[in-house]
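Asker: This is the structure, below, for whatever I ask next.
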Amino acid sequence: MSGHSSYNPTNPVAKWLDSRLPIMRFSKEHLMDFPTPKNLNYWWTFGAILAFMLVVQIATGIVLAMSYTPDAALAFDSVENIRRNVNYGRIIQATHAVGASMFFVAVYVHIGRGLYYGSYKEPREVLWILGVLIFVLMMATAFMGYVLPWGQMSFWAATVITNIFSAIPIIGDPLLQLLRGGFAVDNPTLKRFFSLHYLLPFVIAAVVALHIWALHVPGNNNPVGVEVKSSHDTVPFHPYITMKDLLAIVLFLIPFAWFVFFAPDILGHPDNYKPANPLITPAHIVPEWYFLPFYAILRAIDFDMWFISAKLGGVIFFGGSILVLFFVPWLDGSKTRSGTFRPLFKPFYWLFIFNFFLLTYLGAQLAVEPYSTLSKISTAYYFGYFLIILPIVSRIETPNPLPASISESVLGKGGS
Amino acid sequence: MNRMSRFFKSVLLAVGFGISSAMLVVPASSVVIIDAELQDWSFAGIFGRYDKNQLQRGFQVFQQSCAACHGAKQISFRNLSEEGGPSFSESQVKALAAEYIIIDAELEDGERAATPADRWPEPFPTLRDARAANSGAFPPDFSLLAKARGITQRFPAWALNYFTAYQEGGTDYIYNLLVNFTDAPEDYDVPAGQYWNAYYGSTLAMASPLFDGMIDYEGDEFPETTEQYALDVAAFMMWMAEPGLNSRKQMGFQVLIFLFVLAGMMVMVKRKIWSDVKH
């Protein structure tokens with residue numbers, strides 16, 4: 001979106017650099033001048049919040065790694081040592097642990113915003129796919145990070161989740177052993193998880209760069225979903241969006257700090273304050289809250305289907321629940337992007353959001369009635385929304401008339 | 001208008017979620033487990049701080065009743081004189097440490113008196129010894145126990161915890177366990193070496209470790225009862241698990257006040273910048 005350039009350096013050094021590495025020109029065009037729809041609401045600030053969270057996690061993580069010991073005999077105590085004896089260790093550790101949760105809060109809002117406003121639609125399919133890829137990488141990183149303190153839940157989550165791979169026919173068992181570095185979760189598992197937990201955030205950062213690149217080709221979607229028609233529809237990224245994003249980040253820091261300083265353990269599980277013990281299985285193994293919806297889907301398939309065992313079926317649905325996101329741009333055929341103008345889509349969307357909360361709740365419950373049946377219904381709606389409702393609704397729905405342009409929609413709000 | 005309706009939708013969703021969750025909660029177990037009686041902890045809530053005197057009494061209970069079997073390996077003697085804890089004087093801690101022996105094969109005599117820099121010595125040399133002395137059960141280490149236990153709450157109590165910052169599930173669990181060593185139900189066959197606990201809803205390899213009057217508190221201010229001992233030792237265990245609580249909460253206030261002021265100023269700057277744009 002930056003055909004014209006307003007960067008005209010007069011300084012000879014700047015000119016010299018510009019003809020060799022136009023990094024100043026690039027920054028000016030993409031971090032300052034970039035035309036951004038002026039009607040973005042605060043749901044759009046979560047992209048910046050996520051970028052900020054990635055930096056927070058990498059910064060705190062690098063400091064933690066200076067004092068953490070990835071060894072099955074020492075890991076648990078080394079985390080306690082960080083909390084008790086390292087200067088500000090308890091704050092840095094709590095920030096990193098709570099930060100993971102806040103990261104997922106932000107990513108779920110970000111994805112939910114994309115689903116409502118149709119941000120995945122042409123021409124932003126690649127942008128969306130890269131985003132889903134980041135989400136998958138985040139889940140892998142968070143899972144491996146949770147294993148590192150080597151508490152009871154760390155150990156048993158690692159056991160249960162790696163075990164998922166054994167359901168894959170033929171290559172399942174070798175894959176499982178490769179993942180664990182042995183026949184059971186043990187020291188080699190911890191060491192490779194630490195190594196990968198350190199690596200993946202930088203892979204995420206690289207995909208984020210692509211995600212932003214893919215964003216800067218078509219430019220932002222916006223709440224009315226009408227493409228930018230003229231410069232009247234946009235504001236320069238700086239200072240308008242930078243200021244708004246920074247404000248949103250500071251507001252986001254308030255609940256973040258609340259948890260870090262006043263309830264650092266409330267998002268975790270008490271069992272993770274017991275050192276890992278392969279001989280004692282916790283009564284109730286639960287993942288971190290941000291995995292609960294997908295965990296509920298995994299457990300919902302507790303019956304055999306034809307030749308597919310319940311275990312493999314669970315894994316297929318678990319994997320499918322994330323894979324399906326990659327195909328959303330082609331499942332939803334509606335030309336109208338924004339849910340605001342889609343009367344039939346809207347109730348199904350809000351039911352999907354409710355259903356996602358319900359799955360989160362169900363993932364934390366024991367696999368007994370009525371939860372088992374509810375999990376099946378809830379799982380069915382999750383898939384039904386993407387595979388049946390979105391394609392059908394987009395065919396039969398008559399969207400409300402769209403405003404001619406962003407500027408017109410802004411004026412239509414009666415000066416609010 | 002748009003923004004408001006969206007807000008109400010979110011609220012409706014939250015309420016709907018809450019109601020449906022509440023309906024889903026059904027008593028899952030046929031075993032009657034008594035509900036934990038929640039206590040007023042000095043360190044609860046955002047203004048909570050440890051009560052130094054309570055921690056000192058709790059240490060006394062720990063040392064005289066629990067420490068024979070339970071370790072506290074994350075704790076060093078020096079921690080006992082640190083700010084935000086029981087805050088014994090350094091000379092008291094030095095004298096206390098000197099009463100303990102550290103086994104060290106590198107030394108000529110194979111042992112030495114402990115110093116404030118030493119960790120709290122393990123009560124048993126090996127896990128096997130610990131089990132042998134306790135009907136096969138291993139007395140768990142105390143240093144993190146107050147955070148490794150929790151109570152089960154019904155809706156909406158657990159949902160409100162996120163707003164009240166309730167972090168005392170561990171100490172409430174410990175208190176309720178300690179005061180509920182009662183006679184087993186008539187039809188319950190208690191195995192040898194096991195003791196019924198009404199809060200646990202089953203038997204433990206530990207008999208009631210506390211009884212009225214077993215520990216002498218200085219002065220008459222606090223009753224020498226099982227309940228008081230249980231409160232004090234639970235508080236002490238919370239401090240062992242979270243020794244930096246006081247300073248953490250204090251810093252939390254500074255951070256939150258800073259963030260609120262910064263956010264307020266940023267709202268004004270943002271409004272000023274956007275004042276010339278109709279959006």
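Identifiers for the structure tokens are assigned positionally: chains receive A, B, ... in sequence, residues are indexed from 1 per chain, and ligands are indexed from 1 in the order shown.
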Counting only C-alpha atoms, collect the residues of chain B whose closest atom lies at most 7 Å from chain A, and write them out as a ChimeraX atom specification.
Answerer: /B:13,17,46,144,147-150,165,167,248-249,252,256,259,263,266-267,270,273-274,278-279
Asker: Identify, with DSSP run on backbone atoms, the residues in range 165-320 of chain A assigned to helix (DSSP H, G or I), and express the list as a ChimeraX atom specification.
Answerer: /A:165-167,172-180,187-216,231-233,237-262,270-273,289-300,310-320
Asker: Choose the residue, out of B:Tyr175, B:Phe142, B:Phe260, B:Trp196, that has the smallest atom-to-atom separation from Ala241 in chain B; count only C-alpha atoms.
Answerer: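 The answer is B:Phe142, which sits nearest to Ala241 in chain B.
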Asker: Just the number, please: distance in Å from CA of Pro191 in chain B to CA of Pro139 in chain B, one decimal.
Answerer: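 About the pair CA of Pro191 in chain B and CA of Pro139 in chain B: they are 18.3 Å apart.
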Asker: Work out how far apart CA of Pro149 in chain A and CA of Thr60 in chain A are and give it in Å to one decimal.
Answerer: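 Answer for the CA of Pro149 in chain A to CA of Thr60 in chain A separation: 15.0 Å.
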Asker: Mind checking which residues fall within 12 Å of range 17-26 of chain A, counting only C-alpha atoms, ignoring those fewer than 3 positions away in the same chain, and posting them as a PDB file with C-alpha atoms, in the first residue's frame?
Answerer:
ATOM      1  CA  SER A   2       3.000   2.255  -0.198  1.00  0.00           C
ATOM      2  CA  GLY A   3       3.454   3.105  -3.843  1.00  0.00           C
ATOM      3  CA  HIS A   4       4.369   6.686  -3.138  1.00  0.00           C
ATOM      4  CA  SER A   5       7.173   7.563  -0.805  1.00  0.00           C
ATOM      5  CA  SER A   6       7.393  10.636   1.332  1.00  0.00           C
ATOM      6  CA  TYR A   7      10.948   9.871   2.363  1.00  0.00           C
ATOM      7  CA  ASN A   8      13.237  12.536   0.853  1.00  0.00           C
ATOM      8  CA  PRO A   9      16.469  12.578   2.826  1.00  0.00           C
ATOM      9  CA  THR A  10      18.525  15.757   2.650  1.00  0.00           C
ATOM     10  CA  ASN A  11      21.241  14.680   5.038  1.00  0.00           C
ATOM     11  CA  PRO A  12      24.193  13.328   2.948  1.00  0.00           C
ATOM     12  CA  VAL A  13      24.722  10.356   5.300  1.00  0.00           C
ATOM     13  CA  ALA A  14      21.052   9.451   5.091  1.00  0.00           C
ATOM     14  CA  GLU A  29       6.920   3.974   4.884  1.00  0.00           C
ATOM     15  CA  HIS A  30       5.841   1.088   7.079  1.00  0.00           C
ATOM     16  CA  LEU A  31       6.085   2.354  10.630  1.00  0.00           C
ATOM     17  CA  MET A  32       5.031   5.966  10.101  1.00  0.00           C
ATOM     18  CA  ASP A  33       3.259   6.732   6.838  1.00  0.00           C
ATOM     19  CA  PHE A  34       1.477   3.426   6.374  1.00  0.00           C
ATOM     20  CA  TRP A 213       4.430  -8.211   5.558  1.00  0.00           C
ATOM     21  CA  HIS A 216       1.082  -4.473   4.620  1.00  0.00           C
TER      22      HIS A 216
END
Asker: Write out as a list in words the residues lying within 9 Å of range 206-208 of chain A, counting only C-alpha atoms and excluding same-chain residues fewer than 5 positions away.
Answerer: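 Neighbouring residues, sequence-local ones excluded: Ala51, Leu130, Gly131, Leu133, Ile134, Pro201 and Trp213 of chain A.
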Asker: Taking only C-alpha atoms into account, which of A:Ala73, A:Gly99, A:Ser338, A:His211 comes nearest Glu227 in chain A?
Answerer: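 Selected residue with least distance to Glu227 in chain A: A:Ser338.
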Asker: Rounded to one decimal place, report the CA of Gly363 in chain A-CA of Gly170 in chain B distance in Å.
Answerer: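 Computed distance, CA of Gly363 in chain A to CA of Gly170 in chain B, equals 23.3 Å.
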Asker: Can you check which residues of range 118-285 of chain A DSSP gives as strand (DSSP E or B) on the backbone and send them as a CSV table (one decimal) with all heavy atoms, in the first residue's frame?
Answerer:
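File written: out.csv
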chain,number,residue,atom,x,y,z
A,151,GLY,N,7.3,-30.0,37.4
A,151,GLY,CA,6.4,-30.3,38.5
A,151,GLY,C,5.6,-31.5,38.1
A,151,GLY,O,5.7,-32.0,36.9
A,234,THR,N,-8.3,6.9,5.5
A,234,THR,CA,-7.2,6.4,6.3
A,234,THR,C,-6.5,7.5,7.1
A,234,THR,O,-6.7,8.7,6.9
A,234,THR,CB,-6.1,5.8,5.4
A,234,THR,OG1,-5.5,6.8,4.6
A,234,THR,CG2,-6.6,4.7,4.6
A,235,VAL,N,-5.7,7.1,8.1
A,235,VAL,CA,-4.8,8.0,8.8
A,235,VAL,C,-3.4,7.4,8.7
A,235,VAL,O,-3.3,6.1,8.6
A,235,VAL,CB,-5.2,8.1,10.3
A,235,VAL,CG1,-6.5,8.9,10.5
A,235,VAL,CG2,-5.4,6.7,11.0
A,236,PRO,N,-2.4,8.2,8.9
A,236,PRO,CA,-1.0,7.6,8.9
A,236,PRO,C,-0.8,6.7,10.2
A,236,PRO,O,-1.4,7.1,11.2
A,236,PRO,CB,-0.1,8.8,8.9
A,236,PRO,CG,-0.9,10.0,8.8
A,236,PRO,CD,-2.4,9.6,9.0
A,275,PRO,N,7.2,-31.8,43.0
A,275,PRO,CA,8.2,-32.2,42.0
A,275,PRO,C,7.7,-33.4,41.2
A,275,PRO,O,6.9,-34.2,41.7
A,275,PRO,CB,9.4,-32.6,42.8
A,275,PRO,CG,9.2,-32.0,44.2
A,275,PRO,CD,7.8,-31.9,44.4
Asker: May I have the residues within 12 Å of Trp158 in chain B as an NGL selection string, using only C-alpha atoms and disregarding those fewer than 2 positions away in the same chain?
Answerer: (:A and (266-267)) or (:B and (18 or 21-22 or 25 or 150-156 or 160-167 or 169))
